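Structure data follow from protein06.pdb (PDB, C-alpha atoms):
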```pdb
ATOM      1  CA  SER A  90       0.000   0.000   0.000
ATOM      2  CA  ASP A  91       1.019   3.652  -0.410
ATOM      3  CA  GLY A  92       2.833   5.381   2.432
ATOM      4  CA  ASP A  93       6.181   6.122   4.020
ATOM      5  CA  ILE A  94       8.927   3.515   4.028
ATOM      6  CA  ALA A  95      11.251   5.625   6.149
ATOM      7  CA  GLN A  96      11.036   9.026   7.795
ATOM      8  CA  PHE A  97      13.866  11.377   8.631
ATOM      9  CA  ARG A  98      13.394  13.468  11.766
ATOM     10  CA  LYS A  99      15.282  16.206  13.593
ATOM     11  CA  ASP A 100      14.277  17.704  16.911
ATOM     12  CA  ASN A 101      11.085  15.594  16.849
ATOM     13  CA  ALA A 102      10.006  17.043  13.483
ATOM     14  CA  THR A 103       9.845  15.184  10.147
ATOM     15  CA  VAL A 104      12.273  16.745   7.686
ATOM     16  CA  GLY A 105      11.972  14.194   4.876
ATOM     17  CA  SER A 106      10.862  10.743   3.888
ATOM     18  CA  ILE A 107      11.228   7.885   1.450
ATOM     19  CA  GLY A 108       7.885   6.441   0.442
ATOM     20  CA  TYR A 109       5.825   4.428  -2.004
ATOM     21  CA  ASN A 110       3.041   5.997  -4.051
ATOM     22  CA  ILE A 111       1.066   4.832  -7.113
ATOM     23  CA  GLY A 112       3.488   1.991  -7.761
ATOM     24  CA  ALA A 113       6.717   3.967  -7.492
ATOM     25  CA  LEU A 114       9.344   5.178  -5.033
ATOM     26  CA  THR A 115       9.071   8.759  -3.760
ATOM     27  CA  LEU A 116      11.520  11.076  -2.056
ATOM     28  CA  ASP A 117      10.015  14.030  -0.169
ATOM     29  CA  GLY A 118      11.530  16.904   1.745
ATOM     30  CA  GLY A 119       8.746  17.287   4.299
ATOM     31  CA  ALA A 120       5.829  19.705   4.680
ATOM     32  CA  SER A 121       5.786  22.484   2.037
ATOM     33  CA  ARG A 122       8.919  21.054   0.450
ATOM     34  CA  SER A 123       9.711  19.650  -2.994
ATOM     35  CA  GLY A 124      10.286  16.013  -3.780
ATOM     36  CA  LEU A 125      10.652  13.487  -6.590
ATOM     37  CA  TYR A 126       8.557  10.621  -7.923
ATOM     38  CA  PHE A 127      10.568   7.833  -9.593
ATOM     39  CA  GLY A 128       8.192   6.272 -12.143
ATOM     40  CA  ALA A 129       8.779   3.808 -14.973
ATOM     41  CA  GLY A 130      11.232   5.664 -17.234
ATOM     42  CA  THR A 131      10.326   9.048 -15.797
ATOM     43  CA  ILE A 132      11.047  11.319 -12.828
ATOM     44  CA  LEU A 133       8.216  13.649 -11.805
ATOM     45  CA  PRO A 134       8.117  16.615  -9.408
ATOM     46  CA  ARG A 135       6.303  16.442  -6.071
ATOM     47  CA  TYR A 136       5.408  19.147  -3.577
ATOM     48  CA  ASN A 137       4.044  18.864  -0.061
ATOM     49  CA  GLY A 138       3.680  15.094  -0.434
ATOM     50  CA  GLY A 139       1.863  14.991  -3.782
ATOM     51  CA  LEU A 140       2.474  15.169  -7.537
ATOM     52  CA  VAL A 141       2.391  18.663  -9.061
ATOM     53  CA  ASN A 142       2.341  20.201 -12.525
ATOM     54  CA  GLY A 143       4.649  23.210 -12.769
ATOM     55  CA  VAL A 144       3.734  24.605  -9.330
ATOM     56  CA  ASN A 145       6.390  25.105  -6.614
ATOM     57  CA  ALA A 146       8.787  22.816  -8.481
ATOM     58  CA  ASP A 147      11.668  24.927  -9.765
ATOM     59  CA  LEU A 148      15.006  23.371 -10.692
ATOM     60  CA  GLY A 149      17.618  25.830  -9.454
ATOM     61  CA  SER A 150      17.029  29.540  -8.798
ATOM     62  CA  THR A 151      18.413  32.954  -9.706
ATOM     63  CA  GLY A 152      21.171  32.704  -7.109
ATOM     64  CA  GLN A 153      21.729  28.936  -7.131
ATOM     65  CA  GLN A 154      22.085  27.554 -10.653
ATOM     66  CA  PHE A 155      23.026  24.287 -12.268
ATOM     67  CA  GLN A 156      25.810  24.650 -14.828
ATOM     68  CA  ASP A 157      25.010  22.358 -17.790
ATOM     69  CA  LEU A 158      22.046  20.250 -18.820
ATOM     70  CA  TYR A 159      22.516  17.422 -21.321
ATOM     71  CA  LEU A 160      19.517  15.917 -23.121
ATOM     72  CA  SER A 161      19.443  13.303 -25.847
ATOM     73  CA  GLY A 162      15.807  13.971 -26.744
ATOM     74  CA  SER A 163      13.413  16.918 -26.887
ATOM     75  CA  ALA A 164      12.903  19.744 -24.399
ATOM     76  CA  ILE A 165       9.246  20.797 -24.147
ATOM     77  CA  VAL A 166       9.019  24.187 -22.428
ATOM     78  CA  GLY A 167       5.908  26.190 -21.557
ATOM     79  CA  GLY A 168       7.789  29.505 -21.418
ATOM     80  CA  LEU A 169      11.510  29.955 -22.085
ATOM     81  CA  THR A 170      13.870  32.638 -20.820
ATOM     82  CA  VAL A 171      17.577  32.332 -21.644
ATOM     83  CA  SER A 172      20.134  34.702 -20.141
ATOM     84  CA  ASN A 173      23.875  35.177 -19.888
ATOM     85  CA  ALA A 174      25.030  37.516 -17.140
ATOM     86  CA  SER A 175      28.313  38.267 -18.938
ATOM     87  CA  GLY A 176      26.689  39.152 -22.274
ATOM     88  CA  GLY A 177      27.544  37.657 -25.643
ATOM     89  CA  ASN A 178      26.047  34.353 -26.761
ATOM     90  CA  VAL A 179      22.903  33.484 -24.825
ATOM     91  CA  ALA A 180      22.144  30.301 -26.766
ATOM     92  CA  THR A 181      23.818  27.956 -29.234
ATOM     93  CA  PHE A 182      21.963  25.288 -31.171
ATOM     94  CA  THR A 183      23.751  22.460 -33.000
ATOM     95  CA  ASN A 184      22.938  19.331 -34.973
ATOM     96  CA  VAL A 185      26.416  18.034 -33.983
ATOM     97  CA  SER A 186      27.471  16.956 -37.479
ATOM     98  CA  SER A 187      27.213  19.971 -39.767
ATOM     99  CA  ALA A 188      25.808  23.235 -38.382
ATOM    100  CA  ASP A 189      25.562  25.532 -35.377
ATOM    101  CA  LEU A 190      23.328  28.538 -34.743
ATOM    102  CA  SER A 191      24.259  31.152 -32.143
ATOM    103  CA  ILE A 192      22.089  33.911 -30.687
ATOM    104  CA  ASN A 193      24.197  36.825 -29.445
ATOM    105  CA  LEU A 194      22.960  39.875 -27.526
ATOM    106  CA  THR A 195      25.575  42.610 -27.200
ATOM    107  CA  GLY A 196      25.153  46.390 -26.970
ATOM    108  CA  GLY A 197      21.419  46.232 -27.617
ATOM    109  CA  VAL A 198      21.884  44.317 -30.891
ATOM    110  CA  SER A 199      20.390  40.847 -31.419
ATOM    111  CA  LEU A 200      22.609  38.803 -33.740
ATOM    112  CA  ILE A 201      21.622  35.366 -35.043
ATOM    113  CA  THR A 202      24.623  33.661 -36.633
ATOM    114  CA  PRO A 203      24.696  30.267 -38.406
ATOM    115  CA  SER A 204      28.072  28.529 -38.749
ATOM    116  CA  THR A 205      27.223  27.598 -42.358
ATOM    117  CA  GLY A 206      27.132  31.283 -43.313
ATOM    118  CA  VAL A 207      23.550  31.012 -44.577
ATOM    119  CA  LEU A 208      20.522  32.109 -42.547
ATOM    120  CA  ALA A 209      17.292  30.815 -44.088
ATOM    121  CA  PHE A 210      13.623  31.360 -43.241
ATOM    122  CA  GLY A 211      10.770  29.146 -44.325
ATOM    123  CA  THR A 212       7.140  28.132 -44.075
ATOM    124  CA  SER A 213       5.511  24.706 -44.536
ATOM    125  CA  ASN A 214       8.975  23.129 -44.190
ATOM    126  CA  THR A 215      10.133  24.960 -47.351
ATOM    127  CA  GLU A 216      12.763  27.701 -47.605
ATOM    128  CA  ARG A 217      11.283  31.082 -48.589
ATOM    129  CA  MET A 218      14.075  33.590 -47.879
ATOM    130  CA  ARG A 219      17.793  33.522 -47.116
ATOM    131  CA  ILE A 220      20.687  35.776 -46.194
ATOM    132  CA  ASP A 221      23.968  34.399 -47.539
ATOM    133  CA  SER A 222      27.469  34.740 -46.064
ATOM    134  CA  SER A 223      28.064  37.989 -48.020
ATOM    135  CA  GLY A 224      24.905  39.611 -46.648
ATOM    136  CA  ASN A 225      22.902  39.247 -49.875
ATOM    137  CA  VAL A 226      19.174  38.708 -49.361
ATOM    138  CA  GLY A 227      17.229  36.330 -51.583
ATOM    139  CA  ILE A 228      13.453  35.815 -51.547
ATOM    140  CA  GLY A 229      12.285  32.721 -53.402
ATOM    141  CA  LEU A 230      15.904  31.695 -54.108
ATOM    142  CA  SER A 231      16.179  28.406 -52.223
ATOM    143  CA  GLY A 232      19.668  26.957 -52.447
ATOM    144  CA  LYS A 233      20.910  29.634 -54.906
ATOM    145  CA  SER A 234      23.588  32.272 -54.547
ATOM    146  CA  SER A 235      23.225  35.815 -55.840
ATOM    147  CA  SER A 236      25.455  38.847 -56.163
ATOM    148  CA  THR A 237      22.477  41.180 -55.787
ATOM    149  CA  THR A 238      21.649  42.951 -52.552
ATOM    150  CA  LEU A 239      17.982  42.025 -52.806
ATOM    151  CA  LYS A 240      16.318  39.728 -55.319
ATOM    152  CA  VAL A 241      12.620  38.932 -55.555
ATOM    153  CA  GLU A 242      11.786  35.964 -57.768
ATOM    154  CA  ASN A 243       8.437  34.333 -58.508
ATOM    155  CA  ALA A 244       7.485  31.177 -60.339
ATOM    156  CA  SER A 245       6.844  31.357 -64.096
ATOM    157  CA  GLY A 246       3.571  33.110 -64.912
ATOM    158  CA  TYR A 247       3.619  35.374 -61.867
ATOM    159  CA  ALA A 248       4.955  38.941 -61.608
ATOM    160  CA  PRO A 249       7.786  39.552 -59.113
ATOM    161  CA  THR A 250       6.802  42.844 -57.508
ATOM    162  CA  LEU A 251       8.393  45.281 -55.062
ATOM    163  CA  VAL A 252       5.680  47.468 -53.489
ATOM    164  CA  LEU A 253       6.475  50.801 -51.813
ATOM    165  CA  ASN A 254       3.631  51.882 -49.555
ATOM    166  CA  GLN A 255       3.092  55.008 -47.468
ATOM    167  CA  SER A 256       0.138  54.323 -45.209
ATOM    168  CA  GLY A 257      -2.820  56.618 -45.788
ATOM    169  CA  ILE A 258      -1.150  58.529 -48.647
ATOM    170  CA  GLY A 259      -0.308  56.280 -51.598
ATOM    171  CA  ALA A 260       1.672  53.431 -53.024
ATOM    172  CA  ALA A 261       3.789  52.498 -56.010
ATOM    173  CA  SER A 262       5.444  49.362 -57.294
ATOM    174  CA  ILE A 263       8.232  48.123 -59.523
ATOM    175  CA  ALA A 264       7.491  44.819 -61.223
ATOM    176  CA  VAL A 265       8.453  42.395 -63.956
ATOM    177  CA  PRO A 266       5.141  41.675 -65.714
ATOM    178  CA  ALA A 267       4.128  38.016 -65.713
ATOM    179  CA  SER A 268       5.761  36.080 -68.579
ATOM    180  CA  GLU A 269       7.290  39.281 -70.047
ATOM    181  CA  ASN A 270      10.844  40.592 -70.371
ATOM    182  CA  ALA A 271      10.164  44.129 -69.172
ATOM    183  CA  LEU A 272      10.386  46.425 -66.154
ATOM    184  CA  GLN A 273       7.103  48.015 -65.103
ATOM    185  CA  PHE A 274       6.536  51.068 -62.876
ATOM    186  CA  ASN A 275       3.084  51.394 -61.304
ATOM    187  CA  TYR A 276       1.200  53.922 -59.188
ATOM    188  CA  PHE A 277      -1.856  53.546 -56.956
ATOM    189  CA  ASP A 278      -4.926  55.174 -58.513
ATOM    190  CA  GLY A 279      -7.087  54.923 -55.395
ATOM    191  CA  SER A 280      -8.295  51.388 -55.947
ATOM    192  CA  SER A 281      -5.486  49.443 -57.610
ATOM    193  CA  LEU A 282      -1.943  49.698 -58.956
ATOM    194  CA  THR A 283      -1.904  51.115 -62.503
ATOM    195  CA  GLU A 284       1.013  51.063 -64.934
ATOM    196  CA  ALA A 285       2.652  54.468 -65.459
ATOM    197  CA  MET A 286       5.863  53.541 -67.308
ATOM    198  CA  ARG A 287       7.746  50.539 -68.596
ATOM    199  CA  ILE A 288      11.089  49.592 -70.122
ATOM    200  CA  ASP A 289      10.839  46.596 -72.422
ATOM    201  CA  GLY A 290      13.438  43.936 -73.212
ATOM    202  CA  SER A 291      14.786  46.000 -76.131
ATOM    203  CA  GLY A 292      15.376  49.078 -73.980
ATOM    204  CA  ASN A 293      12.357  50.964 -75.337
ATOM    205  CA  VAL A 294      10.701  53.255 -72.797
ATOM    206  CA  GLY A 295       6.968  53.823 -72.687
ATOM    207  CA  ILE A 296       5.191  56.407 -70.527
ATOM    208  CA  GLY A 297       1.497  55.673 -70.459
ATOM    209  CA  GLU A 298       2.222  53.094 -73.186
ATOM    210  CA  SER A 299       2.418  49.372 -72.477
ATOM    211  CA  SER A 300       4.007  48.480 -75.850
ATOM    212  CA  PRO A 301       6.734  51.080 -76.544
ATOM    213  CA  ASP A 302       8.578  50.876 -79.867
ATOM    214  CA  GLN A 303      11.347  53.363 -79.178
TER     215      GLN A 303
END
```
As structure tokens, how would this structure be written, given the file I've shared?
Amino acid sequence: SDGDIAQFRKDNATVGSIGYNIGALTLDGGASRSGLYFGAGTILPRYNGGLVNGVNADLGSTGQQFQDLYLSGSAIVGGLTVSNASGGNVATFTNVSSADLSINLTGGVSLITPSTGVLAFGTSNTERMRIDSSGNVGIGLSGKSSSTTLKVENASGYAPTLVLNQSGIGAASIAVPASENALQFNYFDGSSLTEAMRIDGSGNVGIGESSPDQ
């Protein structure tokens, strides 16, 4: 049955105990103290003689800290705060074999640095944007290098567009029309972007003319 196996007492007061609860060994520190539950393949926190879920069960404190924590699996955290009293790197992530990622906070600047030299961002498990080791930014350039500062690329049949918007006043855009070899300049007419000028693939310039011939 559940209960204490051994109690530890000092000055006629119980200061801790070893017990048995729900089929497992327990170690408790006494009234209003933390303890541990040694289950099958798991160690759970206890407080005041019972199992708890995230209440009064801290591991370490601000003044008394553990140094390193090694895990071979996942860490599932409800809320995460990472700090480094001396500044510099506050976190480093690694896959051991090929890449590291460091997060550095110095002088009010947040710096995320990958050891591969490429910082990529994605959605739906697919790369959408990257910053290469030279600082070039590519959007829609998965796995490619570019000497441009900023490149926007869409799939065939869609118009890569750079939109410049001033909230409440107006907008304009620079685009490559879908399936065309031309550069298009547009303005906002109050309801949509309208072409104002274009340069075609032959270098002809048209103002108010979508098919310039000179």
Practice problem: Could you please determine the separation between CA of Asn142 (chain A) and CA of Ala180 (chain A) in Å, to one decimal place? | Solution: 26.4 Å
Quiz item: Selected by the PyMOL selection byres ((chain A and resi 133) around 12) in the shown coordinates: which residues, as a list in words?
Solution: Ala113, Leu114, Thr115, Leu116, Asp117, Ser123, Gly124, Leu125, Tyr126, Phe127, Gly128, Ala129, Gly130, Thr131, Ile132, Pro134, Arg135, Tyr136, Gly139, Leu140, Val141, Asn142, Gly143, Ala146, Asp147 and Leu148 of chain A
Could you write out the selected residues, including C-alpha atoms, as a CSV table (one decimal), in the coordinates of the input?
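What landed in out-v4.csv:
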```
chain,number,residue,atom,x,y,z
A,113,ALA,CA,6.7,4.0,-7.5
A,114,LEU,CA,9.3,5.2,-5.0
A,115,THR,CA,9.1,8.8,-3.8
A,116,LEU,CA,11.5,11.1,-2.1
A,117,ASP,CA,10.0,14.0,-0.2
A,123,SER,CA,9.7,19.6,-3.0
A,124,GLY,CA,10.3,16.0,-3.8
A,125,LEU,CA,10.7,13.5,-6.6
A,126,TYR,CA,8.6,10.6,-7.9
A,127,PHE,CA,10.6,7.8,-9.6
A,128,GLY,CA,8.2,6.3,-12.1
A,129,ALA,CA,8.8,3.8,-15.0
A,130,GLY,CA,11.2,5.7,-17.2
A,131,THR,CA,10.3,9.0,-15.8
A,132,ILE,CA,11.0,11.3,-12.8
A,134,PRO,CA,8.1,16.6,-9.4
A,135,ARG,CA,6.3,16.4,-6.1
A,136,TYR,CA,5.4,19.1,-3.6
A,139,GLY,CA,1.9,15.0,-3.8
A,140,LEU,CA,2.5,15.2,-7.5
A,141,VAL,CA,2.4,18.7,-9.1
A,142,ASN,CA,2.3,20.2,-12.5
A,143,GLY,CA,4.6,23.2,-12.8
A,146,ALA,CA,8.8,22.8,-8.5
A,147,ASP,CA,11.7,24.9,-9.8
A,148,LEU,CA,15.0,23.4,-10.7
```
Exercise. Please measure the separation of CA of Gly138 (chain A) and CA of Ser150 (chain A), giving the value in Å to one decimal.
Key: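 Separation between CA of Gly138 (chain A) and CA of Ser150 (chain A): 21.4 Å.
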Please write the residues picked by the PyMOL selection byres ((chain A and resi 274) around 12) on this file as a short mmCIF file (atom, residue, chain, number, x, y, z; two decimals) with C-alpha atoms, keeping the file's coordinate frame.
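Output contents, as saved in result-v5.cif:
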```cif
data_model
loop_
_atom_site.label_atom_id
_atom_site.label_comp_id
_atom_site.auth_asym_id
_atom_site.auth_seq_id
_atom_site.Cartn_x
_atom_site.Cartn_y
_atom_site.Cartn_z
CA THR A 250 6.80 42.84 -57.51
CA LEU A 251 8.39 45.28 -55.06
CA VAL A 252 5.68 47.47 -53.49
CA LEU A 253 6.48 50.80 -51.81
CA ALA A 260 1.67 53.43 -53.02
CA ALA A 261 3.79 52.50 -56.01
CA SER A 262 5.44 49.36 -57.29
CA ILE A 263 8.23 48.12 -59.52
CA ALA A 264 7.49 44.82 -61.22
CA VAL A 265 8.45 42.40 -63.96
CA PRO A 266 5.14 41.68 -65.71
CA ALA A 271 10.16 44.13 -69.17
CA LEU A 272 10.39 46.42 -66.15
CA GLN A 273 7.10 48.02 -65.10
CA ASN A 275 3.08 51.39 -61.30
CA TYR A 276 1.20 53.92 -59.19
CA PHE A 277 -1.86 53.55 -56.96
CA LEU A 282 -1.94 49.70 -58.96
CA THR A 283 -1.90 51.12 -62.50
CA GLU A 284 1.01 51.06 -64.93
CA ALA A 285 2.65 54.47 -65.46
CA MET A 286 5.86 53.54 -67.31
CA ARG A 287 7.75 50.54 -68.60
CA ILE A 288 11.09 49.59 -70.12
CA ASP A 289 10.84 46.60 -72.42
CA VAL A 294 10.70 53.26 -72.80
CA GLY A 295 6.97 53.82 -72.69
CA ILE A 296 5.19 56.41 -70.53
CA GLY A 297 1.50 55.67 -70.46
CA GLU A 298 2.22 53.09 -73.19
CA SER A 299 2.42 49.37 -72.48
#
```
Practice problem: Go through A:Thr215, A:Asn110, A:Ser90, A:Ile220 one by one, measure the shortest atom-to-atom distance of each to Pro203 (chain A) using all atoms listed in the file, and give the residue with the smallest value. | Solution: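 Going through A:Thr215, A:Asn110, A:Ser90, A:Ile220 one by one, the smallest distance to Pro203 (chain A) is for A:Ile220.
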Practice problem: Go ahead and compute the interatomic distance for CA of Ile94 (chain A) and CA of Tyr109 (chain A), in Å to one decimal. | Solution: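 So the answer is 6.8 Å.
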